[in-house]
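Coordinates as given in my_file.cif (mmCIF, C-alpha atoms):
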data_upload
loop_
_atom_site.label_atom_id
_atom_site.label_comp_id
_atom_site.auth_asym_id
_atom_site.auth_seq_id
_atom_site.Cartn_x
_atom_site.Cartn_y
_atom_site.Cartn_z
CA MET J 1 43.18 103.54 -8.04
CA LEU J 2 46.78 104.83 -8.25
CA TYR J 3 46.81 106.17 -4.70
CA ALA J 4 46.04 102.66 -3.44
CA LEU J 5 49.15 101.17 -5.07
CA PRO J 6 52.05 102.40 -2.91
CA ALA J 7 51.01 100.63 0.34
CA PRO J 8 50.71 97.11 -1.19
CA ALA J 9 53.89 97.75 -3.22
CA PHE J 10 55.70 98.77 -0.02
CA TRP J 11 54.63 95.62 1.87
CA LEU J 12 55.48 93.44 -1.11
CA GLY J 13 58.94 95.02 -1.06
CA VAL J 14 59.27 94.33 2.69
CA TRP J 15 58.25 90.71 2.10
CA GLN J 16 60.76 90.35 -0.76
CA LEU J 17 63.52 91.86 1.40
CA CYS J 18 62.75 89.60 4.38
CA ALA J 19 62.65 86.52 2.15
CA PHE J 20 66.00 87.58 0.68
CA LEU J 21 67.53 87.99 4.17
CA VAL J 22 66.24 84.57 5.25
CA ASP J 23 67.56 83.09 2.01
CA ARG J 24 71.02 84.59 2.65
CA ARG J 25 71.03 83.43 6.28
CA LEU J 26 70.24 79.86 5.21
CA ALA J 27 72.57 80.07 2.22
CA GLY J 28 69.73 79.06 -0.12
CA LYS J 29 69.03 75.85 1.83
CA GLY J 30 65.37 75.78 2.71
CA ASN J 31 64.17 79.38 2.89
CA GLU J 32 61.01 78.13 1.12
CA LEU J 33 60.16 76.38 4.39
CA LEU J 34 60.40 79.53 6.47
CA LEU J 35 59.56 82.47 4.25
CA PRO J 36 59.09 81.91 0.51
CA TYR J 37 59.61 84.71 -2.04
CA PRO J 38 56.47 86.50 -3.30
CA LEU J 39 57.14 85.08 -6.77
CA SER J 40 57.09 81.47 -5.44
CA VAL J 41 53.73 82.16 -3.80
CA TRP J 42 52.43 83.76 -6.99
CA ASN J 43 53.54 80.73 -9.02
CA ALA J 44 51.87 78.38 -6.53
CA LEU J 45 48.65 80.42 -6.69
CA ALA J 46 48.72 80.60 -10.51
CA SER J 47 49.19 76.84 -10.86
CA MET J 48 46.40 76.16 -8.32
CA ALA J 49 44.02 78.63 -9.99
CA GLY J 50 44.31 76.68 -13.24
CA THR J 51 42.64 73.63 -11.70
CA GLY J 52 38.94 72.93 -11.19
CA GLU J 53 39.71 71.61 -7.73
CA PHE J 54 40.83 75.09 -6.59
CA TRP J 55 37.55 76.69 -7.67
CA ALA J 56 35.50 73.87 -6.18
CA THR J 57 37.33 74.34 -2.87
CA ILE J 58 36.65 78.09 -2.96
CA PHE J 59 33.01 77.54 -3.91
CA PHE J 60 32.29 75.11 -1.06
CA SER J 61 34.12 77.15 1.59
CA LEU J 62 32.41 80.33 0.41
CA GLY J 63 29.05 78.57 0.56
CA ARG J 64 29.58 77.31 4.13
CA ILE J 65 30.86 80.61 5.46
CA ALA J 66 28.26 82.73 3.64
CA LEU J 67 25.55 80.46 5.08
CA GLY J 68 27.01 80.85 8.58
CA LEU J 69 27.35 84.62 8.12
CA THR J 70 23.74 84.98 6.93
CA CYS J 71 22.35 82.88 9.79
CA GLY J 72 24.53 84.79 12.29
CA ILE J 73 23.27 88.15 11.00
CA VAL J 74 19.62 87.08 11.12
CA ILE J 75 19.91 85.55 14.61
CA GLY J 76 22.01 88.45 15.94
CA ALA J 77 19.51 91.02 14.59
CA ALA J 78 16.55 89.10 16.04
CA LEU J 79 18.27 88.86 19.43
CA ALA J 80 19.09 92.59 19.39
CA ALA J 81 15.42 93.42 18.68
CA LEU J 82 14.29 91.02 21.42
CA THR J 83 16.72 92.17 24.13
CA CYS J 84 15.98 95.85 23.39
CA ALA J 85 12.22 95.28 23.40
CA SER J 86 12.06 93.22 26.59
CA PRO J 87 14.12 93.85 29.76
CA TRP J 88 13.28 90.30 30.80
CA ALA J 89 14.79 88.87 27.60
CA ASP J 90 17.78 91.18 28.04
CA ARG J 91 18.46 89.90 31.56
CA LEU J 92 18.14 86.31 30.36
CA LEU J 93 20.04 86.42 27.05
CA SER J 94 22.71 89.12 27.39
CA PRO J 95 24.97 87.14 29.78
CA ALA J 96 24.78 84.08 27.50
CA ILE J 97 25.73 86.12 24.42
CA ARG J 98 28.63 87.72 26.31
CA VAL J 99 29.88 84.25 27.32
CA VAL J 100 29.79 83.14 23.66
CA ARG J 101 31.75 86.27 22.69
CA ALA J 102 34.45 85.65 25.31
CA ALA J 103 34.79 81.86 24.92
CA PRO J 104 37.71 80.51 22.84
CA VAL J 105 36.64 79.59 19.32
CA ALA J 106 38.60 76.30 19.50
CA SER J 107 36.37 75.08 22.37
CA PHE J 108 33.27 75.75 20.27
CA ILE J 109 34.77 74.02 17.23
CA LEU J 110 35.48 70.84 19.20
CA LEU J 111 32.06 70.88 20.87
CA VAL J 112 30.18 71.44 17.61
CA LEU J 113 32.30 68.70 15.99
CA LEU J 114 31.07 66.30 18.67
CA TRP J 115 27.44 67.41 18.30
CA THR J 116 27.16 67.60 14.49
CA GLY J 117 28.88 66.18 11.43
CA ARG J 118 32.19 67.75 10.45
CA ASN J 119 30.68 69.27 7.32
CA HIS J 120 28.38 71.48 9.41
CA VAL J 121 31.01 72.81 11.80
CA PRO J 122 32.35 75.78 9.73
CA ALA J 123 28.87 77.24 9.09
CA VAL J 124 27.79 76.75 12.72
CA ILE J 125 31.04 78.28 14.04
CA SER J 126 30.85 81.25 11.66
CA ALA J 127 27.28 81.91 12.76
CA THR J 128 28.20 81.53 16.45
CA MET J 129 31.03 84.05 16.15
CA VAL J 130 28.93 86.51 14.12
CA VAL J 131 25.88 86.57 16.45
CA PRO J 132 27.51 88.52 19.36
CA VAL J 133 29.05 91.10 16.99
CA VAL J 134 25.75 91.79 15.22
CA TRP J 135 23.78 91.72 18.49
CA ASP J 136 26.17 94.15 20.19
CA ASN J 137 26.25 96.68 17.33
CA LEU J 138 22.52 96.62 16.61
CA SER J 139 21.61 96.79 20.32
CA ARG J 140 23.71 99.93 20.68
CA GLY J 141 22.06 101.36 17.56
CA ILE J 142 18.55 100.62 18.79
CA GLN J 143 19.32 102.16 22.20
CA ALA J 144 20.74 105.27 20.51
CA MET J 145 17.59 105.65 18.35
CA ASP J 146 16.20 109.20 18.35
CA ARG J 147 13.19 109.12 20.72
CA LYS J 148 11.69 112.10 18.90
CA LEU J 149 11.37 110.04 15.73
CA LEU J 150 9.63 107.27 17.66
CA GLU J 151 7.25 109.91 19.07
CA LEU J 152 6.63 111.04 15.48
CA ALA J 153 5.82 107.45 14.48
CA GLN J 154 3.34 107.22 17.35
CA CYS J 155 1.61 110.53 16.54
CA TYR J 156 1.54 109.90 12.78
CA ARG J 157 0.10 106.42 13.39
CA PHE J 158 2.88 104.44 11.66
CA SER J 159 2.31 100.69 11.69
CA ARG J 160 5.01 98.53 13.30
CA TRP J 161 6.23 97.53 9.83
CA LYS J 162 6.45 101.17 8.74
CA THR J 163 8.29 102.11 11.93
CA VAL J 164 10.87 99.39 11.30
CA THR J 165 11.38 100.05 7.59
CA LEU J 166 11.11 103.85 7.58
CA LEU J 167 12.75 104.68 10.92
CA TYR J 168 14.77 101.88 12.48
CA LEU J 169 16.52 100.39 9.44
CA PRO J 170 17.78 103.70 7.94
CA ALA J 171 18.75 105.07 11.37
CA LEU J 172 20.65 101.85 12.13
CA ARG J 173 22.58 101.98 8.85
CA PRO J 174 25.97 103.01 10.38
CA TYR J 175 25.62 100.29 13.02
CA ILE J 176 24.63 97.72 10.37
CA LEU J 177 27.69 98.72 8.31
CA THR J 178 30.06 98.25 11.27
CA ALA J 179 28.40 94.98 12.25
CA LEU J 180 28.58 93.55 8.73
CA THR J 181 32.19 94.48 8.03
CA THR J 182 33.41 93.15 11.41
CA ALA J 183 31.23 90.06 11.12
CA THR J 184 32.46 89.21 7.61
CA GLY J 185 36.11 89.13 8.68
CA LEU J 186 35.24 87.14 11.79
CA ALA J 187 33.14 84.63 9.84
CA TRP J 188 36.06 83.91 7.51
CA LYS J 189 38.65 83.63 10.30
CA SER J 190 36.53 81.34 12.47
CA GLY J 191 35.07 79.39 9.54
CA VAL J 192 38.48 78.56 8.05
CA ALA J 193 39.85 77.72 11.54
CA ALA J 194 36.94 75.28 11.92
CA GLU J 195 37.74 73.79 8.51
CA VAL J 196 41.40 73.31 9.54
CA LEU J 197 40.33 71.40 12.64
CA CYS J 198 37.43 69.43 11.12
CA LEU J 199 38.64 68.93 7.52
CA PRO J 200 35.32 68.99 5.64
CA GLU J 201 35.77 68.12 2.00
CA PRO J 202 36.57 70.11 -0.10
CA SER J 203 37.54 73.20 1.91
CA LEU J 204 40.16 75.93 2.20
CA GLY J 205 40.93 74.78 5.75
CA GLN J 206 41.58 71.24 4.58
CA ARG J 207 43.98 72.52 1.91
CA ILE J 208 45.74 74.71 4.47
CA TYR J 209 46.04 71.70 6.81
CA TYR J 210 47.62 69.60 4.05
CA THR J 211 50.20 72.30 3.31
CA LYS J 212 51.33 71.95 6.93
CA TYR J 213 51.39 68.16 6.52
CA TYR J 214 53.56 68.35 3.37
CA LEU J 215 55.48 71.46 4.50
CA ASP J 216 54.41 73.19 1.29
CA ILE J 217 54.76 76.75 2.59
CA PRO J 218 54.31 78.60 -0.74
CA GLU J 219 50.98 76.82 -1.10
CA LEU J 220 50.08 77.76 2.49
CA PHE J 221 50.70 81.39 1.58
CA ALA J 222 48.72 80.95 -1.64
CA TRP J 223 45.65 79.50 0.13
CA THR J 224 45.90 82.20 2.79
CA ALA J 225 46.02 84.86 0.08
CA ALA J 226 42.95 83.32 -1.56
CA THR J 227 41.11 83.37 1.80
CA VAL J 228 42.03 87.00 2.46
CA ALA J 229 41.01 88.00 -1.07
CA LEU J 230 37.63 86.26 -0.72
CA SER J 231 36.99 87.94 2.64
CA MET J 232 37.87 91.35 1.23
CA VAL J 233 35.70 90.87 -1.86
CA LEU J 234 32.72 89.85 0.27
CA GLU J 235 33.26 92.80 2.61
CA ARG J 236 33.57 95.25 -0.32
CA LEU J 237 30.37 93.87 -1.86
CA LEU J 238 28.44 94.38 1.38
CA ARG J 239 29.90 97.89 1.80
CA ALA J 240 28.96 98.77 -1.79
CA CYS J 241 25.37 97.58 -1.24
CA LEU J 242 25.06 99.68 1.94
CA ALA J 243 26.63 102.74 0.29
CA ARG J 244 24.08 102.45 -2.52
CA TRP J 245 21.28 102.21 0.05
CA GLY J 246 22.40 105.44 1.80
CA ARG J 247 23.20 107.51 -1.30
CA GLY J 248 21.81 111.06 -1.20
CA TRP J 249 20.64 111.03 2.41
CA GLY J 250 23.12 113.70 3.44
CA THR J 251 23.68 111.93 6.79
CA MET P 1 -16.47 122.50 19.47
CA ILE P 2 -13.47 120.99 21.23
CA PHE P 3 -13.19 121.52 24.97
CA CYS P 4 -10.19 121.41 27.26
CA LYS P 5 -11.63 121.13 30.76
CA ASP P 6 -9.67 121.83 33.94
CA LEU P 7 -6.39 120.40 32.64
CA THR P 8 -3.63 120.13 35.23
CA VAL P 9 -0.10 119.11 34.28
CA SER P 10 2.96 119.33 36.53
CA PHE P 11 6.53 118.20 36.07
CA GLY P 12 7.75 117.45 39.59
CA ASP P 13 6.97 120.49 41.72
CA ARG P 14 6.50 122.74 38.69
CA ALA P 15 2.88 123.22 37.64
CA VAL P 16 2.60 124.03 33.93
CA LEU P 17 -1.16 123.83 33.49
CA ASP P 18 -3.33 124.49 36.53
CA ARG P 19 -7.03 123.69 35.97
CA PHE P 20 -6.68 125.17 32.49
CA SER P 21 -9.76 125.32 30.25
CA LEU P 22 -10.17 126.36 26.62
CA GLN P 23 -12.78 126.09 23.87
CA ILE P 24 -11.68 125.56 20.26
CA PRO P 25 -14.30 126.33 17.55
CA ASP P 26 -14.98 123.69 14.87
CA THR P 27 -13.35 125.71 12.08
CA GLY P 28 -10.75 128.41 11.61
CA VAL P 29 -7.40 129.16 13.16
CA THR P 30 -7.01 129.70 16.89
CA ALA P 31 -3.62 131.17 17.77
CA LEU P 32 -1.97 130.74 21.15
CA SER P 33 0.40 133.47 22.17
CA GLY P 34 2.42 133.97 25.30
CA PRO P 35 5.91 134.11 26.76
CA SER P 36 8.35 131.23 26.28
CA GLY P 37 7.89 128.45 28.81
CA CYS P 38 4.32 129.43 29.66
CA GLY P 39 2.96 125.99 28.73
CA LYS P 40 1.82 126.37 25.10
CA THR P 41 3.76 123.35 23.85
CA THR P 42 2.64 121.31 26.87
CA LEU P 43 -0.97 122.12 26.02
CA LEU P 44 -0.49 120.91 22.42
CA ARG P 45 1.21 117.74 23.68
CA VAL P 46 -1.69 117.05 26.03
CA LEU P 47 -4.15 117.42 23.15
CA ALA P 48 -1.99 115.07 21.02
CA GLY P 49 -1.95 112.50 23.83
CA LEU P 50 1.81 112.80 24.43
CA GLU P 51 1.40 114.14 27.97
CA ARG P 52 -1.13 112.76 30.37
CA PRO P 53 -2.82 115.44 32.50
CA GLN P 54 -3.01 114.76 36.25
CA SER P 55 -6.61 115.93 36.09
CA GLY P 56 -9.10 117.31 33.59
CA ALA P 57 -10.15 116.07 30.17
CA VAL P 58 -10.31 116.91 26.49
CA GLU P 59 -13.69 116.52 24.80
CA GLY P 60 -14.49 116.59 21.10
CA ALA P 61 -11.24 115.12 19.73
CA THR P 62 -9.30 112.09 20.91
CA PRO P 63 -5.49 112.02 20.52
CA ARG P 64 -5.93 109.71 17.53
CA GLU P 65 -8.06 112.38 15.85
CA THR P 66 -5.37 115.06 16.12
CA ALA P 67 -2.30 115.77 13.99
CA ILE P 68 0.63 117.61 15.54
CA LEU P 69 3.43 119.62 13.96
CA PHE P 70 6.31 119.48 16.44
CA GLN P 71 8.46 122.47 17.34
CA ASP P 72 11.33 120.75 15.48
CA ASP P 73 10.84 119.44 11.94
CA ARG P 74 11.62 115.74 12.58
CA LEU P 75 12.13 115.10 8.86
CA LEU P 76 13.67 111.82 7.74
CA PRO P 77 16.96 112.45 5.85
CA TRP P 78 16.40 109.26 3.82
CA ARG P 79 12.91 110.18 2.47
CA THR P 80 12.10 112.64 -0.30
CA ALA P 81 9.55 115.42 0.18
CA GLY P 82 6.94 113.40 -1.74
CA GLN P 83 7.66 110.27 0.29
CA HIS P 84 7.23 112.23 3.54
CA LEU P 85 3.66 112.89 2.43
CA THR P 86 2.84 109.43 1.03
CA ASP P 87 4.17 107.88 4.27
CA VAL P 88 1.37 109.65 6.12
CA LEU P 89 -1.46 109.90 3.59
CA PRO P 90 -4.05 107.10 3.64
CA GLY P 91 -3.79 104.83 0.59
CA GLU P 92 -6.79 106.29 -1.23
CA GLN P 93 -5.48 109.87 -0.81
CA ARG P 94 -1.98 109.37 -2.28
CA GLY P 95 -2.98 111.61 -5.18
CA ARG P 96 -3.08 114.63 -2.82
CA VAL P 97 0.72 115.02 -2.83
CA PRO P 98 0.79 117.88 -5.43
CA GLU P 99 -2.05 119.67 -3.61
CA LEU P 100 -0.22 119.48 -0.25
CA LEU P 101 3.09 120.57 -1.78
CA ALA P 102 1.28 123.52 -3.37
CA LEU P 103 -0.34 124.41 -0.03
CA ALA P 104 3.15 124.62 1.52
CA GLU P 105 4.56 126.32 -1.61
CA LEU P 106 6.93 123.44 -2.32
CA GLU P 107 5.94 122.76 -5.93
CA GLY P 108 8.69 120.96 -7.85
CA GLU P 109 10.38 119.67 -4.69
CA GLU P 110 8.67 116.26 -4.65
CA ASN P 111 11.92 114.36 -5.21
CA THR P 112 14.11 116.55 -2.98
CA ARG P 113 15.53 115.15 0.25
CA PRO P 114 15.62 117.28 3.46
CA ALA P 115 19.40 117.84 3.25
CA ALA P 116 18.83 119.83 0.04
CA LEU P 117 16.02 121.98 1.50
CA SER P 118 16.54 125.31 3.29
CA GLY P 119 15.40 125.71 6.91
CA GLY P 120 12.15 127.39 5.90
CA MET P 121 11.44 124.80 3.20
CA GLY P 122 12.02 122.01 5.72
CA ARG P 123 9.54 123.68 8.07
CA ARG P 124 6.95 123.91 5.31
CA LEU P 125 7.50 120.26 4.40
CA ALA P 126 6.95 119.29 8.04
CA LEU P 127 3.73 121.37 7.95
CA ALA P 128 2.56 119.69 4.73
CA ARG P 129 3.23 116.27 6.26
CA CYS P 130 1.18 117.19 9.33
CA LEU P 131 -1.71 118.34 7.14
CA ALA P 132 -1.50 115.11 5.13
CA LEU P 133 -2.75 113.25 8.17
CA PRO P 134 -6.57 113.17 8.31
CA ALA P 135 -7.54 114.81 11.61
CA ARG P 136 -10.34 116.56 13.50
CA LEU P 137 -7.86 119.03 15.03
CA TYR P 138 -4.49 120.25 13.75
CA LEU P 139 -1.96 121.31 16.40
CA LEU P 140 0.85 123.42 14.97
CA ASP P 141 3.77 124.41 17.18
CA GLU P 142 5.39 127.48 15.61
CA PRO P 143 4.59 126.44 12.02
CA PHE P 144 6.17 129.52 10.46
CA ALA P 145 9.56 129.50 12.23
CA GLY P 146 12.12 130.39 9.56
CA VAL P 147 9.40 131.11 6.95
CA ASP P 148 9.27 134.61 5.43
CA LEU P 149 6.29 136.65 6.55
CA ALA P 150 4.56 137.11 3.17
CA ARG P 151 4.65 133.37 2.54
CA ALA P 152 3.58 132.62 6.12
CA LEU P 153 0.50 134.81 5.71
CA ARG P 154 -0.42 133.17 2.38
CA ILE P 155 -0.17 129.72 3.97
CA LEU P 156 -2.15 130.93 7.00
CA GLU P 157 -5.00 131.91 4.67
CA ARG P 158 -5.03 128.33 3.34
CA LEU P 159 -5.05 126.95 6.90
CA ARG P 160 -8.13 129.06 7.66
CA ALA P 161 -9.96 127.31 4.82
CA LEU P 162 -9.26 123.78 6.13
CA PRO P 163 -12.34 121.74 7.08
CA ALA P 164 -10.83 120.99 10.54
CA PRO P 165 -9.87 123.58 13.18
CA VAL P 166 -6.25 124.62 13.65
CA LEU P 167 -4.67 125.46 17.02
CA LEU P 168 -1.32 127.09 16.46
CA VAL P 169 1.41 128.59 18.57
CA SER P 170 3.10 131.71 17.25
CA HIS P 171 5.11 134.68 18.48
CA GLU P 172 4.75 136.59 15.21
CA PRO P 173 2.37 139.60 15.63
CA ALA P 174 1.33 139.58 11.94
CA VAL P 175 0.37 135.91 12.15
CA LEU P 176 -1.65 136.61 15.32
CA ASP P 177 -3.38 139.51 13.54
CA HIS P 178 -4.53 137.21 10.73
CA ALA P 179 -5.74 134.34 12.95
CA ASP P 180 -9.51 133.95 13.50
CA ARG P 181 -9.04 133.99 17.25
CA VAL P 182 -6.09 134.73 19.51
CA VAL P 183 -5.71 133.35 23.01
CA GLU P 184 -3.20 135.32 25.05
CA LEU P 185 -1.65 133.10 27.66
CA ASP P 186 0.09 134.02 30.84
CA GLY P 187 1.99 131.72 33.10
CA PRO P 188 3.22 129.27 34.05
CA PRO P 189 1.05 127.87 35.31
CA LEU P 190 -1.63 128.47 32.70
CA LYS P 191 -4.95 128.97 34.38
CA HIS P 192 -8.56 129.20 33.28
CA ILE P 193 -9.15 131.34 30.14
#
Encoded form (structure tokens):
Amino acid sequence: MLYALPAPAFWLGVWQLCAFLVDRRLAGKGNELLLPYPLSVWNALASMAGTGEFWATIFFSLGRIALGLTCGIVIGAALAALTCASPWADRLLSPAIRVVRAAPVASFILLVLLWTGRNHVPAVISATMVVPVVWDNLSRGIQAMDRKLLELAQCYRFSRWKTVTLLYLPALRPYILTALTTATGLAWKSGVAAEVLCLPEPSLGQRIYYTKYYLDIPELFAWTAATVALSMVLERLLRACLARWGRGWGT
Amino acid sequence: MIFCKDLTVSFGDRAVLDRFSLQIPDTGVTALSGPSGCGKTTLLRVLAGLERPQSGAVEGATPRETAILFQDDRLLPWRTAGQHLTDVLPGEQRGRVPELLALAELEGEENTRPAALSGGMGRRLALARCLALPARLYLLDEPFAGVDLARALRILERLRALPAPVLLVSHEPAVLDHADRVVELDGPPLKHI
């Protein structure tokens, strides 16, 4: 725990110093608009955290993004299995998935906003951004699968279910870990961006949008900090689950 | 009796089996011996259905009625020794785990994962897993690699008592001496015996 402290303390010091320099440059007139002090942000966060509205906002945003993340993982995994199993499906689907990966997220947000209600956009966008990441990682894992183990499964008459659960899933664990950690960060970034543009109610994105509207920069920092903290907590939870799953394998 | 009749297998221009024939009795251990690369492993793979011969046939045991121990252990790092056996044993035979562990002299290792086993123990676990599979013919590719001789000979005695025949590959003279039948091979290509 102690070894983790110096880096955040260092960056907090850098932030404090920068805010001080801005404050001096502006002679105390409006540095809160450009770069507020860490303490101002902390105060804003503490006062927000005391309200039910804050927790409701977190709850709804978390729900939307977790839903999008889950759907994205399931669809991405299914597509990876399909494109690896069938060259025909690979030729058909791979270019489309690559286009989705390369296309600007803002274009998707506006399109999905036109096609669905604004409340659905963050989940759909999170899922859309997660699918290519999961597909790419799992496809590489499936292609790198040890052929000797598959030969073993054939000779030892493993059912398809047994082959998936006993061979594929454990062998794909490092790829699943990479896919999940990358996908979680991406789901939050894209989901909150969609909320900023579509303003579903209540949502983190909507609150961030209003801070811009009212030029309440400490609150902008506070909502951003809440978003980052949520993303990190979710990522740590997923990592902890996967670490538990692989304990004692010696791989 | 299991018959290999006129098996021919080539990889490109290289003939490994050339109209090769062999009879395997219904019980006991038949040992295959010969120089490296002479086609012993290819013969086992043909019998297990992993290589398709260009000509010839196997009679008396289909690939689905064989169980093969590969030259490498192919253990799963995420499964315990006991799980390796239950993964293969038919549902009604799950109770045979202690018996199979005892056959391979791995008593007390039921909950050990491969990373914690020595090379020889891993080999014996792979052997026990192979024997867990119900089969009409057991194909063992160097089953005693890394296993000390005294233990190898004790396990060989147990293999001789199995109800199904065993065809094994070995370079160890003492193992060949204790087999019921030894087939000396020359090649490649392996020809009619």
Can you check which parts of chain P lie within 12 Å of chain J? Per residue, the shortest pair of atoms and distance in Å to one decimal, counting all atoms listed in the file, sorted by chain and number, as JSON lines.
{"residue": "P:Arg45", "atom": "CA", "partner": "J:Cys155", "partner_atom": "CA", "distance": 10.2}
{"residue": "P:Val46", "atom": "CA", "partner": "J:Cys155", "partner_atom": "CA", "distance": 12.0}
{"residue": "P:Leu47", "atom": "CA", "partner": "J:Cys155", "partner_atom": "CA", "distance": 11.2}
{"residue": "P:Ala48", "atom": "CA", "partner": "J:Cys155", "partner_atom": "CA", "distance": 7.3}
{"residue": "P:Gly49", "atom": "CA", "partner": "J:Cys155", "partner_atom": "CA", "distance": 8.3}
{"residue": "P:Leu50", "atom": "CA", "partner": "J:Glu151", "partner_atom": "CA", "distance": 8.2}
{"residue": "P:Glu51", "atom": "CA", "partner": "J:Glu151", "partner_atom": "CA", "distance": 11.5}
{"residue": "P:Thr62", "atom": "CA", "partner": "J:Cys155", "partner_atom": "CA", "distance": 11.9}
{"residue": "P:Pro63", "atom": "CA", "partner": "J:Cys155", "partner_atom": "CA", "distance": 8.3}
{"residue": "P:Arg64", "atom": "CA", "partner": "J:Cys155", "partner_atom": "CA", "distance": 7.6}
{"residue": "P:Glu65", "atom": "CA", "partner": "J:Cys155", "partner_atom": "CA", "distance": 9.9}
{"residue": "P:Thr66", "atom": "CA", "partner": "J:Cys155", "partner_atom": "CA", "distance": 8.3}
{"residue": "P:Ala67", "atom": "CA", "partner": "J:Cys155", "partner_atom": "CA", "distance": 7.0}
{"residue": "P:Ile68", "atom": "CA", "partner": "J:Cys155", "partner_atom": "CA", "distance": 7.2}
{"residue": "P:Leu69", "atom": "CA", "partner": "J:Leu152", "partner_atom": "CA", "distance": 9.3}
{"residue": "P:Phe70", "atom": "CA", "partner": "J:Leu152", "partner_atom": "CA", "distance": 8.5}
{"residue": "P:Gln71", "atom": "CA", "partner": "J:Lys148", "partner_atom": "CA", "distance": 11.0}
{"residue": "P:Asp72", "atom": "CA", "partner": "J:Lys148", "partner_atom": "CA", "distance": 9.3}
{"residue": "P:Asp73", "atom": "CA", "partner": "J:Leu152", "partner_atom": "CA", "distance": 10.0}
{"residue": "P:Arg74", "atom": "CA", "partner": "J:Leu149", "partner_atom": "CA", "distance": 6.5}
{"residue": "P:Leu75", "atom": "CA", "partner": "J:Leu149", "partner_atom": "CA", "distance": 8.6}
{"residue": "P:Leu76", "atom": "CA", "partner": "J:Leu167", "partner_atom": "CA", "distance": 7.9}
{"residue": "P:Pro77", "atom": "CA", "partner": "J:Trp249", "partner_atom": "CA", "distance": 5.2}
{"residue": "P:Trp78", "atom": "CA", "partner": "J:Trp249", "partner_atom": "CA", "distance": 4.8}
{"residue": "P:Arg79", "atom": "CA", "partner": "J:Trp249", "partner_atom": "CA", "distance": 7.8}
{"residue": "P:Thr80", "atom": "CA", "partner": "J:Trp249", "partner_atom": "CA", "distance": 9.1}
{"residue": "P:Gln83", "atom": "CA", "partner": "J:Leu166", "partner_atom": "CA", "distance": 10.3}
{"residue": "P:His84", "atom": "CA", "partner": "J:Leu166", "partner_atom": "CA", "distance": 10.1}
{"residue": "P:Leu85", "atom": "CA", "partner": "J:Tyr156", "partner_atom": "CA", "distance": 11.0}
{"residue": "P:Thr86", "atom": "CA", "partner": "J:Phe158", "partner_atom": "CA", "distance": 11.7}
{"residue": "P:Asp87", "atom": "CA", "partner": "J:Phe158", "partner_atom": "CA", "distance": 8.3}
{"residue": "P:Val88", "atom": "CA", "partner": "J:Tyr156", "partner_atom": "CA", "distance": 6.7}
{"residue": "P:Leu89", "atom": "CA", "partner": "J:Tyr156", "partner_atom": "CA", "distance": 9.7}
{"residue": "P:Pro90", "atom": "CA", "partner": "J:Arg157", "partner_atom": "CA", "distance": 10.6}
{"residue": "P:Asn111", "atom": "CA", "partner": "J:Gly248", "partner_atom": "CA", "distance": 11.2}
{"residue": "P:Thr112", "atom": "CA", "partner": "J:Gly248", "partner_atom": "CA", "distance": 9.6}
{"residue": "P:Arg113", "atom": "CA", "partner": "J:Trp249", "partner_atom": "CA", "distance": 6.9}
{"residue": "P:Pro114", "atom": "CA", "partner": "J:Trp249", "partner_atom": "CA", "distance": 8.1}
{"residue": "P:Ala115", "atom": "CA", "partner": "J:Gly250", "partner_atom": "CA", "distance": 5.6}
{"residue": "P:Ala116", "atom": "CA", "partner": "J:Gly250", "partner_atom": "CA", "distance": 8.2}
{"residue": "P:Leu117", "atom": "CA", "partner": "J:Gly250", "partner_atom": "CA", "distance": 11.1}
{"residue": "P:Ala126", "atom": "CA", "partner": "J:Leu152", "partner_atom": "CA", "distance": 11.1}
{"residue": "P:Arg129", "atom": "CA", "partner": "J:Tyr156", "partner_atom": "CA", "distance": 9.3}
{"residue": "P:Cys130", "atom": "CA", "partner": "J:Tyr156", "partner_atom": "CA", "distance": 8.1}
{"residue": "P:Leu131", "atom": "CA", "partner": "J:Tyr156", "partner_atom": "CA", "distance": 10.7}
{"residue": "P:Ala132", "atom": "CA", "partner": "J:Tyr156", "partner_atom": "CA", "distance": 9.7}
{"residue": "P:Leu133", "atom": "CA", "partner": "J:Tyr156", "partner_atom": "CA", "distance": 7.1}
{"residue": "P:Pro134", "atom": "CA", "partner": "J:Tyr156", "partner_atom": "CA", "distance": 9.8}
{"residue": "P:Ala135", "atom": "CA", "partner": "J:Tyr156", "partner_atom": "CA", "distance": 10.4}
{"residue": "P:Tyr138", "atom": "CA", "partner": "J:Cys155", "partner_atom": "CA", "distance": 11.8}
{"residue": "P:Leu139", "atom": "CA", "partner": "J:Cys155", "partner_atom": "CA", "distance": 11.4}
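Residues selected in this file by the PyMOL selection byres ((chain J and resi 227) around 10) comprise Ile58, Ser61, Leu62, Trp188, Lys189, Val192, Leu204, Gly205, Phe221, Ala222, Trp223, Thr224, Ala225, Ala226, Val228, Ala229, Leu230, Ser231, Met232 and Val233 of chain J.
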*d(atom CA of P:Leu168, atom CA of P:Pro25) in Å*: 13.0 Å
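If you measure from each of P:Leu159, P:Val147, P:Ser36, P:Gln54 to P:Gly12 using all atoms listed in the file, the closest one turns out to be P:Gln54.
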*Within 9 Å of (-0.7, 124.0, 27.4), in the coordinates the file gives, what residues turn up when you count all atoms listed in the file, written out as number ranges by chain?*
P: 7, 9, 16-17, 20, 38-47, 189-190
*Around the point (21.0, 88.1, 26.0), in the coordinates given by the file, pick out the residues reaching within 12 Å, counting all atoms listed in the file, and return them as a PyMOL selection string.*
chain J and resi 75-101+131-132+135-136+139
*In Å, with one decimal, what is the gap from atom CA of P:Leu176 to atom CA of P:Ala31?*
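About the pair atom CA of P:Leu176 and atom CA of P:Ala31: they are 6.3 Å apart.
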